[in-house]
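Novice: run31.txt is the file, holding compact mmCIF, C-alpha atoms and all ligand atoms:
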```
# COMPACT_ATOMS: atom_id res chain seq x y z
CA MET A 546 -107.66 -21.31 -16.30
CA ASN A 547 -107.51 -19.37 -13.05
CA PRO A 548 -110.76 -17.39 -12.52
CA GLN A 549 -108.70 -14.22 -12.00
CA ALA A 550 -107.28 -14.63 -15.53
CA SER A 551 -110.77 -15.29 -16.92
CA GLU A 552 -111.99 -12.10 -15.28
CA LEU A 553 -109.28 -10.04 -17.03
CA ASN A 554 -110.00 -11.81 -20.33
CA GLU A 555 -113.72 -11.02 -20.06
CA ILE A 556 -112.89 -7.34 -19.55
CA LEU A 557 -110.62 -7.39 -22.60
CA LYS A 558 -113.16 -9.24 -24.75
CA LYS A 559 -115.74 -6.53 -24.06
CA GLU A 560 -113.59 -3.43 -23.67
CA GLY A 561 -110.50 -4.15 -25.76
CA PRO A 562 -111.32 -6.96 -28.20
CA ALA A 563 -108.25 -6.45 -30.42
CA ALA A 564 -106.00 -6.77 -27.37
CA TYR A 565 -107.81 -9.95 -26.37
CA GLU A 566 -107.37 -11.44 -29.83
CA LEU A 567 -103.69 -10.53 -29.87
CA LEU A 568 -102.94 -12.24 -26.53
CA SER A 569 -100.84 -15.39 -26.63
CA GLU A 570 -101.94 -18.54 -24.81
CA LEU A 571 -99.59 -17.58 -21.96
CA GLY A 572 -100.98 -14.04 -22.12
CA LYS A 573 -104.53 -15.34 -21.78
CA ASN A 574 -103.59 -17.39 -18.73
CA ILE A 575 -101.60 -14.77 -16.83
CA PHE A 576 -103.09 -12.54 -14.13
CA PHE A 577 -101.90 -10.55 -11.17
CA PRO A 578 -102.85 -12.54 -8.05
CA ARG A 579 -104.85 -9.86 -6.26
CA LYS A 580 -106.52 -12.49 -4.11
CA GLY A 581 -104.48 -14.78 -1.85
CA LEU A 582 -101.13 -13.70 -0.42
CA VAL A 583 -101.17 -10.14 -1.77
CA ALA A 584 -104.70 -9.46 -0.51
CA GLN A 585 -103.91 -10.99 2.90
CA GLY A 586 -100.80 -8.78 3.14
CA LEU A 587 -102.93 -5.70 2.39
CA ASP A 588 -105.45 -6.74 5.07
CA ALA A 589 -102.62 -6.93 7.59
CA LYS A 590 -101.09 -3.56 6.67
CA GLY A 591 -101.26 -1.00 9.50
CA ARG A 592 -102.30 -3.57 12.13
CA LYS A 593 -100.68 -3.35 15.58
CA ILE A 594 -99.25 -6.81 15.07
CA ASN A 595 -98.35 -7.64 11.47
CA ALA A 596 -96.74 -11.02 10.96
CA SER A 597 -97.67 -11.23 7.28
CA ILE A 598 -94.63 -9.80 5.48
CA GLY A 599 -91.79 -11.90 4.08
CA GLU A 600 -89.22 -9.35 5.19
CA ALA A 601 -87.33 -8.97 8.45
CA LYS A 602 -87.80 -5.90 10.65
CA GLU A 603 -85.80 -4.15 13.35
CA ASP A 604 -87.58 -3.90 16.72
CA ASP A 605 -88.70 -0.35 15.78
CA GLY A 606 -90.52 -1.72 12.71
CA SER A 607 -88.05 -0.37 10.10
CA PRO A 608 -86.37 -2.81 7.71
CA LEU A 609 -83.70 -4.96 9.37
CA ARG A 610 -80.49 -3.76 7.73
CA LEU A 611 -76.74 -4.09 7.84
CA SER A 612 -74.94 -0.84 8.57
CA PRO A 613 -72.21 -1.23 5.87
CA LEU A 614 -75.03 -1.12 3.35
CA ALA A 615 -77.30 1.39 5.07
CA GLU A 616 -74.43 3.87 5.35
CA LEU A 617 -73.93 3.95 1.59
CA VAL A 618 -77.26 5.44 0.55
CA ASN A 619 -78.92 8.59 1.74
CA LEU A 620 -82.55 7.47 1.42
CA PRO A 621 -85.12 6.24 3.96
CA PRO A 622 -84.49 2.51 4.64
CA GLU A 623 -88.07 1.71 3.51
CA ASP A 624 -87.14 3.02 0.02
CA ILE A 625 -84.04 0.87 -0.18
CA PHE A 626 -84.40 -2.46 1.56
CA SER A 627 -88.12 -3.30 1.38
CA TYR A 628 -89.75 -4.95 -1.61
CA ALA A 629 -91.22 -2.64 -4.23
CA PRO A 630 -94.66 -3.64 -5.58
CA SER A 631 -94.62 -5.94 -8.64
CA PHE A 632 -96.26 -3.10 -10.58
CA GLY A 633 -93.40 -0.81 -9.57
CA LYS A 634 -93.16 2.08 -7.15
CA PRO A 635 -96.45 4.01 -7.58
CA ASP A 636 -94.88 7.50 -7.63
CA LEU A 637 -92.28 6.42 -10.16
CA ARG A 638 -94.99 4.96 -12.42
CA ASP A 639 -96.87 8.26 -12.28
CA VAL A 640 -93.79 10.37 -12.95
CA TRP A 641 -92.83 8.17 -15.91
CA LYS A 642 -96.36 8.37 -17.34
CA LYS A 643 -96.23 12.15 -17.08
CA LYS A 644 -92.87 12.13 -18.84
CA ILE A 645 -94.19 9.96 -21.69
CA ILE A 646 -97.06 12.40 -22.20
CA GLU A 647 -94.80 15.48 -22.04
CA LYS A 648 -92.21 14.00 -24.41
CA ASN A 649 -94.83 12.82 -26.91
CA PRO A 650 -97.21 15.75 -27.46
CA SER A 651 -98.83 13.97 -30.43
CA LEU A 652 -100.50 11.66 -27.92
CA GLY A 653 -102.93 14.53 -27.43
CA SER A 654 -105.79 13.30 -25.30
CA ALA A 655 -105.24 9.60 -26.08
CA GLU A 656 -105.42 7.48 -22.97
CA ILE A 657 -102.40 5.39 -22.03
CA SER A 658 -102.01 2.82 -19.28
CA ARG A 659 -100.06 3.42 -16.09
CA PRO A 660 -96.54 2.12 -16.88
CA VAL A 661 -95.61 -1.15 -15.16
CA VAL A 662 -91.98 -1.34 -14.01
CA THR A 663 -89.81 -4.05 -15.55
CA ASN A 664 -86.21 -5.13 -15.02
CA ALA A 665 -85.17 -2.66 -17.72
CA LEU A 666 -86.00 -2.99 -21.41
CA THR A 667 -84.77 -6.51 -22.07
CA HIS A 668 -87.25 -7.75 -19.49
CA GLY A 669 -89.97 -5.39 -20.77
CA LEU A 670 -89.58 -6.85 -24.26
CA SER A 671 -89.68 -10.33 -22.78
CA VAL A 672 -92.90 -9.47 -20.90
CA ALA A 673 -94.41 -8.18 -24.17
CA ALA A 674 -93.44 -11.45 -25.90
CA TYR A 675 -94.93 -13.50 -23.06
CA LEU A 676 -98.23 -11.63 -23.28
CA PHE A 677 -98.62 -11.57 -27.05
CA ALA A 678 -96.35 -13.94 -28.97
CA ASP A 679 -97.17 -17.60 -29.60
CA LYS A 680 -94.83 -20.13 -31.18
CA LYS A 681 -96.60 -19.92 -34.51
CA ASP A 682 -96.38 -16.10 -34.63
CA GLN A 683 -94.00 -13.90 -36.54
CA ILE A 684 -92.57 -10.58 -35.43
CA ILE A 685 -92.10 -8.17 -38.32
CA LEU A 686 -89.09 -5.86 -38.04
CA PRO A 687 -86.34 -4.19 -40.12
CA HIS A 688 -83.41 -6.50 -40.88
CA TYR A 689 -80.93 -4.40 -38.92
CA TYR A 690 -81.99 -5.15 -35.37
CA TRP A 691 -80.53 -5.62 -31.90
CA GLY A 692 -79.18 -9.19 -31.84
CA ASN A 693 -80.58 -9.95 -28.39
CA TYR A 694 -84.07 -10.02 -29.97
CA ARG A 695 -83.14 -13.55 -31.08
CA LEU A 696 -82.78 -14.72 -27.47
CA ILE A 697 -85.71 -12.66 -26.19
CA PHE A 698 -88.23 -13.62 -28.87
CA SER A 699 -87.02 -16.60 -30.93
CA GLU A 700 -85.14 -18.74 -28.43
CA ALA A 701 -87.49 -18.06 -25.50
CA TYR A 702 -90.86 -18.10 -27.27
CA GLY A 703 -90.13 -19.80 -30.61
CA VAL A 704 -91.28 -16.74 -32.55
CA GLU A 705 -89.95 -16.16 -36.06
CA LEU A 706 -88.31 -12.79 -36.66
CA LYS A 707 -89.60 -11.85 -40.09
CA THR A 708 -87.44 -9.07 -41.46
CA PHE A 709 -87.67 -6.60 -44.30
CA GLU A 710 -84.75 -4.72 -45.82
CA THR A 711 -84.24 -1.70 -43.52
CA PHE A 712 -83.35 0.97 -46.06
CA THR A 713 -84.56 1.93 -49.53
CA ASP A 714 -81.04 1.58 -50.93
CA GLN A 715 -77.42 1.14 -49.87
CA THR A 716 -76.41 4.82 -49.73
CA SER A 717 -75.93 7.01 -46.70
CA SER A 718 -78.87 9.15 -47.85
CA ALA A 719 -81.30 6.20 -48.08
CA GLY A 720 -84.65 6.34 -46.31
CA PHE A 721 -86.62 3.82 -44.27
CA ASN A 722 -88.07 1.03 -46.40
CA THR A 723 -91.74 1.63 -45.63
CA ALA A 724 -92.76 -0.43 -48.68
CA GLY A 725 -90.98 -3.51 -47.28
CA MET A 726 -92.77 -3.04 -43.97
CA LYS A 727 -96.11 -2.67 -45.77
CA ASP A 728 -95.65 -5.89 -47.76
CA LEU A 729 -95.16 -7.91 -44.57
CA LEU A 730 -97.98 -6.19 -42.68
CA MET A 731 -100.39 -6.83 -45.54
CA SER A 732 -99.29 -10.45 -46.06
CA GLY A 733 -101.57 -13.37 -45.15
CA GLY A 734 -102.96 -13.96 -41.67
CA SER A 735 -104.86 -11.55 -39.45
CA LYS A 736 -102.58 -11.34 -36.38
CA LYS A 737 -99.56 -9.11 -36.92
CA ILE A 738 -96.82 -8.11 -34.49
CA LEU A 739 -94.60 -5.25 -35.58
CA LEU A 740 -91.48 -4.26 -33.65
CA LEU A 741 -90.09 -0.77 -34.18
CA ASN A 742 -86.87 0.40 -32.56
CA PHE A 743 -86.02 4.06 -33.15
CA PRO A 744 -83.34 5.30 -32.61
CA ASN A 745 -82.18 1.95 -33.90
CA ASN A 746 -79.49 -0.34 -32.62
CA PRO A 747 -77.23 -1.00 -34.57
CA THR A 748 -77.70 1.66 -37.29
CA GLY A 749 -78.43 4.76 -35.21
CA TYR A 750 -81.28 5.57 -37.60
CA THR A 751 -84.63 7.17 -36.82
CA PRO A 752 -87.14 7.92 -39.61
CA ASP A 753 -87.84 11.53 -40.41
CA LYS A 754 -91.24 13.02 -39.59
CA ASP A 755 -92.67 12.26 -43.06
CA GLU A 756 -91.50 8.66 -42.91
CA LEU A 757 -93.02 8.23 -39.48
CA ALA A 758 -96.31 9.62 -40.82
CA GLU A 759 -96.09 7.09 -43.65
CA ILE A 760 -95.37 4.24 -41.22
CA THR A 761 -98.44 5.31 -39.25
CA ASP A 762 -100.59 5.42 -42.41
CA ILE A 763 -99.46 1.93 -43.43
CA ILE A 764 -100.37 0.54 -40.01
CA LYS A 765 -103.76 2.23 -40.30
CA THR A 766 -104.34 0.84 -43.79
CA ALA A 767 -103.51 -2.67 -42.57
CA ALA A 768 -105.85 -2.21 -39.59
CA GLU A 769 -108.63 -1.02 -41.92
CA ALA A 770 -108.05 -4.14 -43.99
CA GLY A 771 -108.89 -6.19 -40.89
CA LYS A 772 -105.44 -7.00 -39.53
CA LYS A 773 -105.16 -7.03 -35.75
CA ILE A 774 -101.84 -5.37 -35.09
CA LEU A 775 -99.67 -5.22 -32.00
CA VAL A 776 -96.93 -2.63 -32.39
CA ILE A 777 -94.13 -2.93 -29.87
CA THR A 778 -91.99 0.19 -29.75
CA ASP A 779 -88.55 -0.41 -28.29
CA ASP A 780 -87.76 3.15 -27.27
CA ALA A 781 -84.46 2.36 -25.54
CA TYR A 782 -82.67 5.40 -27.02
CA PHE A 783 -85.63 7.77 -26.87
CA GLY A 784 -84.76 11.45 -27.07
CA LEU A 785 -81.29 11.06 -28.57
CA VAL A 786 -82.10 12.58 -31.95
CA TYR A 787 -79.53 14.98 -33.37
CA ASP A 788 -81.16 16.86 -36.25
CA ASN A 789 -84.39 18.78 -36.85
CA LYS A 790 -85.78 16.62 -39.65
CA THR A 791 -85.79 13.43 -37.65
CA ALA A 792 -88.84 12.36 -35.65
CA VAL A 793 -88.32 12.88 -31.95
CA GLU A 794 -91.55 11.37 -30.70
CA SER A 795 -92.09 7.64 -30.36
CA PRO A 796 -94.30 5.91 -32.95
CA PHE A 797 -96.37 5.02 -29.85
CA ALA A 798 -97.65 8.61 -29.82
CA PHE A 799 -99.25 8.16 -33.25
CA LEU A 800 -100.61 4.66 -32.62
CA ALA A 801 -102.29 5.23 -29.27
CA ASP A 802 -105.52 6.46 -30.88
CA LEU A 803 -105.12 5.24 -34.45
CA HIS A 804 -107.60 2.42 -35.00
CA GLU A 805 -109.62 -0.14 -33.01
CA ASN A 806 -107.48 -2.94 -34.44
CA VAL A 807 -104.17 -1.47 -33.30
CA VAL A 808 -102.69 -2.08 -29.85
CA ALA A 809 -99.52 -0.16 -29.00
CA CYS A 810 -97.06 -1.45 -26.43
CA LYS A 811 -94.28 0.93 -25.45
CA VAL A 812 -91.16 -0.56 -23.91
CA ASP A 813 -88.82 2.09 -22.58
CA GLY A 814 -86.84 2.97 -19.51
CA ALA A 815 -84.10 4.74 -17.71
CA THR A 816 -81.21 2.55 -18.95
CA LYS A 817 -80.06 4.69 -21.87
CA GLU A 818 -82.30 7.73 -21.40
CA ASP A 819 -80.92 8.45 -17.96
CA TYR A 820 -77.53 6.78 -18.35
CA VAL A 821 -78.10 4.12 -15.67
CA TRP A 822 -77.27 0.90 -17.54
CA GLY A 823 -76.76 -1.13 -14.38
CA PHE A 824 -79.88 0.06 -12.53
CA ARG A 825 -82.28 -2.17 -14.46
CA VAL A 826 -85.40 0.01 -14.49
CA GLY A 827 -87.72 -0.07 -17.50
CA PHE A 828 -91.43 0.27 -18.18
CA ILE A 829 -94.13 -1.33 -20.28
CA THR A 830 -97.09 0.87 -21.25
CA PHE A 831 -100.16 0.12 -23.36
CA ALA A 832 -102.56 2.15 -25.48
CA GLY A 833 -105.07 1.60 -28.26
CA LYS A 834 -108.14 3.27 -29.67
CA GLY A 835 -110.32 0.29 -28.88
CA LEU A 836 -109.16 -0.09 -25.29
CA SER A 837 -111.19 1.32 -22.39
CA THR A 838 -109.63 2.40 -19.10
CA LYS A 839 -110.61 -0.98 -17.64
CA ALA A 840 -109.03 -2.84 -20.56
CA LEU A 841 -105.79 -0.90 -20.11
CA SER A 842 -105.72 -1.76 -16.45
CA ALA A 843 -106.42 -5.44 -17.28
CA LEU A 844 -103.27 -5.36 -19.44
CA GLU A 845 -101.37 -3.74 -16.56
CA ASP A 846 -102.47 -6.63 -14.34
CA LYS A 847 -101.30 -9.16 -16.88
CA ALA A 848 -97.92 -7.43 -17.26
CA ALA A 849 -97.49 -7.17 -13.48
CA GLY A 850 -98.51 -10.83 -13.19
CA ARG A 851 -95.67 -11.76 -15.51
CA VAL A 852 -93.29 -9.50 -13.56
CA ARG A 853 -94.32 -11.31 -10.38
CA GLY A 854 -93.83 -14.66 -12.05
CA SER A 855 -90.39 -13.86 -13.46
CA ILE A 856 -88.51 -11.41 -11.21
CA SER A 857 -91.18 -10.90 -8.51
CA ASN A 858 -90.45 -7.17 -8.43
CA ASP A 859 -87.79 -4.74 -9.58
CA SER A 860 -84.97 -3.22 -7.50
CA HIS A 861 -86.49 -0.83 -4.96
CA LEU A 862 -83.17 0.96 -4.52
CA ALA A 863 -82.82 1.71 -8.23
CA GLN A 864 -86.44 2.88 -8.47
CA SER A 865 -86.04 5.16 -5.43
CA LEU A 866 -82.82 6.69 -6.72
CA LEU A 867 -84.42 7.47 -10.06
CA LEU A 868 -87.52 8.98 -8.47
CA LYS A 869 -85.33 11.21 -6.36
CA ALA A 870 -83.30 12.27 -9.43
CA TYR A 871 -86.46 13.03 -11.46
CA ASN A 872 -87.56 15.40 -8.71
CA SER A 873 -84.18 17.09 -8.50
CA PRO A 874 -83.93 20.71 -9.72
CA ASP A 875 -80.70 19.76 -11.53
CA TYR A 876 -82.17 16.88 -13.51
CA SER A 877 -83.09 18.76 -16.72
CA LYS A 878 -79.83 20.66 -16.81
CA GLU A 879 -77.83 17.46 -16.42
CA LYS A 880 -79.87 15.68 -19.09
CA GLN A 881 -79.13 18.54 -21.46
CA ARG A 882 -75.42 18.30 -20.67
CA ALA A 883 -75.39 14.58 -21.45
CA TYR A 884 -77.37 15.13 -24.67
CA ASN A 885 -75.00 17.88 -25.80
CA LEU A 886 -72.03 15.62 -25.18
CA LEU A 887 -73.46 12.86 -27.38
CA LYS A 888 -74.69 15.28 -30.04
CA ASN A 889 -71.22 16.80 -30.26
CA ARG A 890 -69.73 13.33 -30.86
CA PHE A 891 -72.36 12.66 -33.53
CA GLU A 892 -71.36 15.89 -35.29
CA LEU A 893 -67.69 15.08 -35.03
CA VAL A 894 -68.34 11.70 -36.66
CA LYS A 895 -70.28 13.37 -39.49
CA ASN A 896 -67.51 15.96 -40.00
CA GLU A 897 -64.81 13.33 -39.97
CA LEU A 898 -66.54 11.35 -42.70
CA GLU A 899 -67.09 14.49 -44.79
CA LYS A 900 -63.46 15.50 -44.37
CA HIS A 901 -62.25 12.15 -45.68
CA PRO A 902 -64.10 11.22 -48.88
CA GLU A 903 -61.33 8.66 -49.53
CA TYR A 904 -62.75 6.54 -46.67
CA GLU A 905 -65.62 5.59 -48.99
CA LYS A 906 -63.21 3.41 -50.98
CA GLU A 907 -63.08 1.10 -47.94
CA PHE A 908 -66.31 1.67 -46.04
CA LYS A 909 -69.62 3.43 -46.56
CA PRO A 910 -71.72 4.76 -43.68
CA LEU A 911 -75.34 3.67 -43.40
CA PRO A 912 -77.81 6.47 -42.65
CA PHE A 913 -77.56 7.62 -39.03
CA ASN A 914 -79.03 10.55 -37.14
CA SER A 915 -79.68 9.42 -33.55
CA GLY A 916 -78.91 7.11 -30.65
CA TYR A 917 -75.55 5.71 -29.60
CA PHE A 918 -74.27 4.10 -32.80
CA MET A 919 -73.45 4.34 -36.47
CA CYS A 920 -72.55 1.55 -38.89
CA VAL A 921 -70.30 1.36 -41.90
CA LYS A 922 -70.49 -1.24 -44.64
CA ILE A 923 -67.15 -2.78 -45.52
CA GLU A 924 -66.59 -2.47 -49.26
CA ASN A 925 -63.79 -4.95 -49.92
CA GLY A 926 -63.71 -7.96 -47.70
CA ASN A 927 -64.83 -9.12 -44.41
CA ALA A 928 -65.96 -7.08 -41.40
CA GLU A 929 -64.74 -9.70 -38.91
CA ALA A 930 -61.28 -9.63 -40.49
CA VAL A 931 -61.29 -5.83 -40.22
CA ARG A 932 -62.31 -6.08 -36.56
CA GLN A 933 -59.48 -8.54 -35.86
CA ARG A 934 -56.99 -6.33 -37.67
CA LEU A 935 -58.17 -3.30 -35.65
CA LEU A 936 -57.55 -5.23 -32.44
CA ASP A 937 -54.19 -6.65 -33.47
CA ALA A 938 -52.58 -3.71 -35.22
CA TYR A 939 -54.43 -0.61 -34.00
CA ASP A 940 -55.42 -1.31 -30.40
CA THR A 941 -59.01 -0.52 -31.38
CA GLY A 942 -62.21 -2.42 -30.58
CA VAL A 943 -65.47 -2.27 -32.57
CA ILE A 944 -68.33 -4.68 -33.27
CA ALA A 945 -68.56 -6.67 -36.52
CA LEU A 946 -72.09 -7.60 -37.64
CA GLY A 947 -72.21 -9.43 -40.97
CA ASP A 948 -70.70 -6.99 -43.46
CA LEU A 949 -71.06 -4.05 -41.06
CA ILE A 950 -68.83 -2.52 -38.46
CA ARG A 951 -70.77 -0.86 -35.66
CA VAL A 952 -69.15 2.12 -33.98
CA ALA A 953 -70.48 3.14 -30.56
CA TYR A 954 -69.44 6.78 -30.75
CA SER A 955 -71.48 7.31 -27.57
CA SER A 956 -68.62 5.73 -25.67
CA LEU A 957 -65.73 7.53 -27.42
CA PRO A 958 -64.08 10.63 -26.04
CA ALA A 959 -64.29 13.33 -28.73
CA SER A 960 -60.50 13.30 -28.98
CA GLN A 961 -60.48 9.69 -30.26
CA ILE A 962 -63.06 9.97 -33.04
CA SER A 963 -60.68 11.05 -35.77
CA GLU A 964 -58.16 8.35 -34.83
CA LEU A 965 -60.80 5.65 -34.77
CA PHE A 966 -61.85 6.32 -38.37
CA ALA A 967 -58.25 6.64 -39.53
CA ASN A 968 -57.54 3.25 -37.91
CA LEU A 969 -60.63 1.77 -39.49
CA TYR A 970 -59.54 2.99 -42.90
CA SER A 971 -56.06 1.57 -42.46
CA ALA A 972 -57.34 -1.76 -41.16
CA CYS A 973 -59.73 -2.04 -44.11
CA SER A 974 -56.85 -1.28 -46.55
CA ASP A 975 -54.69 -3.88 -44.78
CA VAL A 976 -57.23 -6.67 -45.20
CA SER A 977 -58.74 -5.54 -48.54
CA GLU A 978 -59.29 -8.44 -50.91
C1 LIG B 1 -82.49 -1.61 -29.03
C2 LIG B 1 -82.29 -2.01 -27.61
N1 LIG B 1 -83.35 -2.38 -26.91
C3 LIG B 1 -83.23 -2.78 -25.62
C4 LIG B 1 -82.00 -2.81 -25.01
C5 LIG B 1 -81.90 -3.33 -23.61
O1 LIG B 1 -81.83 -2.39 -22.67
P1 LIG B 1 -81.75 -2.74 -21.13
O2 LIG B 1 -80.31 -2.68 -20.75
O3 LIG B 1 -82.58 -1.68 -20.49
O4 LIG B 1 -82.31 -4.10 -20.90
C6 LIG B 1 -80.86 -2.43 -25.72
C7 LIG B 1 -79.54 -2.50 -25.08
O5 LIG B 1 -78.50 -2.47 -25.67
C8 LIG B 1 -81.02 -2.02 -27.06
O6 LIG B 1 -79.96 -1.65 -27.79
```
Show this structure as structure tokens.
Ligand SMILES: Cc1ncc(COP(=O)(O)O)c(C=O)c1O
Specialist:
Amino acid sequence: MNPQASELNEILKKEGPAAYELLSELGKNIFFPRKGLVAQGLDAKGRKINASIGEAKEDDGSPLRLSPLAELVNLPPEDIFSYAPSFGKPDLRDVWKKKIIEKNPSLGSAEISRPVVTNALTHGLSVAAYLFADKKDQIILPHYYWGNYRLIFSEAYGVELKTFETFTDQTSSAGFNTAGMKDLLMSGGSKKILLLNFPNNPTGYTPDKDELAEITDIIKTAAEAGKKILVITDDAYFGLVYDNKTAVESPFAFLADLHENVVACKVDGATKEDYVWGFRVGFITFAGKGLSTKALSALEDKAAGRVRGSISNDSHLAQSLLLKAYNSPDYSKEKQRAYNLLKNRFELVKNELEKHPEYEKEFKPLPFNSGYFMCVKIENGNAEAVRQRLLDAYDTGVIALGDLIRVAYSSLPASQISELFANLYSACSDVSE
């Protein structure tokens, strides 16, 4: 093992033992190479003659750049063309940390790490898996989950996705199946990895505040029983909650200071929150009652080490654009406009379903209150056949997942919502068995 990795592990053993025990073999071995090339580059910084950087410069010392590109973006060339640090742009990391704290008041005075920038959430989840998940491990999660988890966790790291039934029953007023989650958390073995994604893809469900309190209590009970628990929160759709009962804050806020045996790992980012799907900017942030400041920064080093070993560093242009937007006086107003647009579509979907009780003969909505999506369960027949029929006869595209149809109302103009559900009803009737 590289001595720099051992150094980080020694810090974690003393100042964050649960985090150390939860690390995978790869996670134990990874480190951010502060010595070597990076250190030599820092030594050379600011020198009259600096021939240390793997970038090309103009004769005036600014980044060598091609004018058709430079003309497109109104930012200093250093914020566009140069490499960003593997940890991410420092100011962006600080702004994002401040935002996490502001948007999650229940964090109170709990300490959280400085977010490390990832190539959006997919990569953040992959970094979390690299650090913590071994082949023999299971990840516990509700059975309605984002399908890409299979590639990120199972195919890449050989981890088993161990699911529990998501809802308490099959009705649209069902709640989150906390009992199912508890059974798996309390099952044999001391290392537990729990993955929570609220608002959820595909269902568009977020637990209400009482359910979230119950989830937190269950995690605490399992920790008190001696389980070492890593909770990964996939907060891709954070903030898009459309009613007052539903929990707005991330579970991360309640786990950051819960118990010495609990380590919380928040994966979030600008992709959906700031409507920049193609930018590829996400963050991974750690917290835990048993983790000192030094332990948190050891985890940051390990995460940044994996970033360096996978993508080297994230797009500087995308990070700079976001930082600029976050400091813009129009940012909050624009975020509100986007939220209102999506909330209005959510309400139109709800109204449409209420207006047409006959739709329930063909499909029943699962609970939904947040995010980009809602799902309906096909009552008579096959969701894939319904999807095909919608394409062929109604010029309408949706996603079929097992016996569910997922509707991304986030992407539908308000004027098409009524027609979509009418088409869905007709397509279901057409293919009804
Ligand atoms: C639940 C969930 N997590 C993560 C992601 C990935 O987001 P990103 O595009 O930032 O990688 C998605 C994207 O659809 C998602 O639905």
Novice: From the list A:Gly586, A:Gly814, A:Gly633, A:Pro902, which residue is nearest ligand LIG 1 (chain B) when using only C-alpha atoms and all ligand atoms?
Specialist: A:Gly814
Novice: Neighbours of stretch 826-837 of chain A within 8 Å (all atoms listed in the file; same-chain residues fewer than 2 positions away dropped), as a ChimeraX atom specification?
Specialist: /A:557,560-564,655-666,668-669,673,800-816,824,839-841,844-845,848,859-860,863-864
Novice: Select the residues contacting ligand LIG 1 (chain B) at a distance of at most 6 Å, based on only C-alpha atoms and all ligand atoms, then format the selection as a list in words.
Specialist: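 Protein and nucleic-acid residues within 6 Å of ligand LIG 1 (chain B): Ala665, Leu666, Thr667, Trp691, Asn742, Asn746, Asp779, Ala781, Thr816 and Trp822 of chain A.
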Novice: Could the residues in this selection be written to a file with C-alpha atoms, as a JSON list (two decimals), keeping the file's coordinate frame?
Specialist:
```
[["chain", "number", "residue", "atom", "x", "y", "z"],
["A", 665, "ALA", "CA", -85.17, -2.66, -17.72],
["A", 666, "LEU", "CA", -86.00, -2.99, -21.41],
["A", 667, "THR", "CA", -84.77, -6.51, -22.07],
["A", 691, "TRP", "CA", -80.53, -5.62, -31.90],
["A", 742, "ASN", "CA", -86.87, 0.40, -32.56],
["A", 746, "ASN", "CA", -79.49, -0.34, -32.62],
["A", 779, "ASP", "CA", -88.55, -0.41, -28.29],
["A", 781, "ALA", "CA", -84.46, 2.36, -25.54],
["A", 816, "THR", "CA", -81.21, 2.55, -18.95],
["A", 822, "TRP", "CA", -77.27, 0.90, -17.54]]
```
Novice: Excluding same-chain residues fewer than 3 positions from A:Asp682, what lies within 7 Å of it counting all atoms listed in the file, as number ranges by chain?
Specialist: A: 678-679, 704-705
Novice: Rounded to one decimal place, report the atom CA of A:Ala792-atom CA of A:Ala758 distance in Å.
Specialist: 9.5 Å
Novice: Quick one: residues within 12 Å of A:Ile598, all atoms listed in the file counted, chain neighbours fewer than 3 positions away excluded, as a PDB file with C-alpha atoms, in the coordinates of the input?
Specialist:
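Result file is selection34.pdb:
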```
ATOM      1  CA  LEU A 582    -101.130 -13.700  -0.420  1.00  0.00           C
ATOM      2  CA  VAL A 583    -101.170 -10.140  -1.770  1.00  0.00           C
ATOM      3  CA  ALA A 584    -104.700  -9.460  -0.510  1.00  0.00           C
ATOM      4  CA  GLN A 585    -103.910 -10.990   2.900  1.00  0.00           C
ATOM      5  CA  GLY A 586    -100.800  -8.780   3.140  1.00  0.00           C
ATOM      6  CA  LEU A 587    -102.930  -5.700   2.390  1.00  0.00           C
ATOM      7  CA  ASP A 588    -105.450  -6.740   5.070  1.00  0.00           C
ATOM      8  CA  ALA A 589    -102.620  -6.930   7.590  1.00  0.00           C
ATOM      9  CA  LYS A 590    -101.090  -3.560   6.670  1.00  0.00           C
ATOM     10  CA  GLY A 591    -101.260  -1.000   9.500  1.00  0.00           C
ATOM     11  CA  ARG A 592    -102.300  -3.570  12.130  1.00  0.00           C
ATOM     12  CA  ILE A 594     -99.250  -6.810  15.070  1.00  0.00           C
ATOM     13  CA  ASN A 595     -98.350  -7.640  11.470  1.00  0.00           C
ATOM     14  CA  ALA A 601     -87.330  -8.970   8.450  1.00  0.00           C
ATOM     15  CA  LYS A 602     -87.800  -5.900  10.650  1.00  0.00           C
ATOM     16  CA  GLY A 606     -90.520  -1.720  12.710  1.00  0.00           C
ATOM     17  CA  PRO A 608     -86.370  -2.810   7.710  1.00  0.00           C
ATOM     18  CA  SER A 627     -88.120  -3.300   1.380  1.00  0.00           C
ATOM     19  CA  TYR A 628     -89.750  -4.950  -1.610  1.00  0.00           C
TER      20      TYR A 628
END
```
Novice: Find the residues around A:Pro650 up to 8 Å (all atoms listed in the file counted), leave out those fewer than 4 positions away in its own chain, and share them as number ranges by chain.
Specialist: A: 646, 794, 798
Novice: Kindly save the residues from that selection, with C-alpha atoms included, as a PDB file, in the coordinates of the input.
Specialist:
```pdb
ATOM      1  CA  ILE A 646     -97.060  12.400 -22.200  1.00  0.00           C
ATOM      2  CA  GLU A 794     -91.550  11.370 -30.700  1.00  0.00           C
ATOM      3  CA  ALA A 798     -97.650   8.610 -29.820  1.00  0.00           C
TER       4      ALA A 798
END
```
Novice: Nearest residue to A:Lys737 out of A:Phe677, A:Tyr904, A:Tyr820, A:Phe721, using all atoms listed in the file?
Specialist: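 Smallest distance to A:Lys737 is found for A:Phe677.
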Novice: Which one is closest to A:Gly784: A:Tyr871, A:Phe908, A:Tyr690, A:Tyr917? Count all atoms listed in the file.
Specialist: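 Residue with the minimum atom-to-atom distance to A:Gly784: A:Tyr917.
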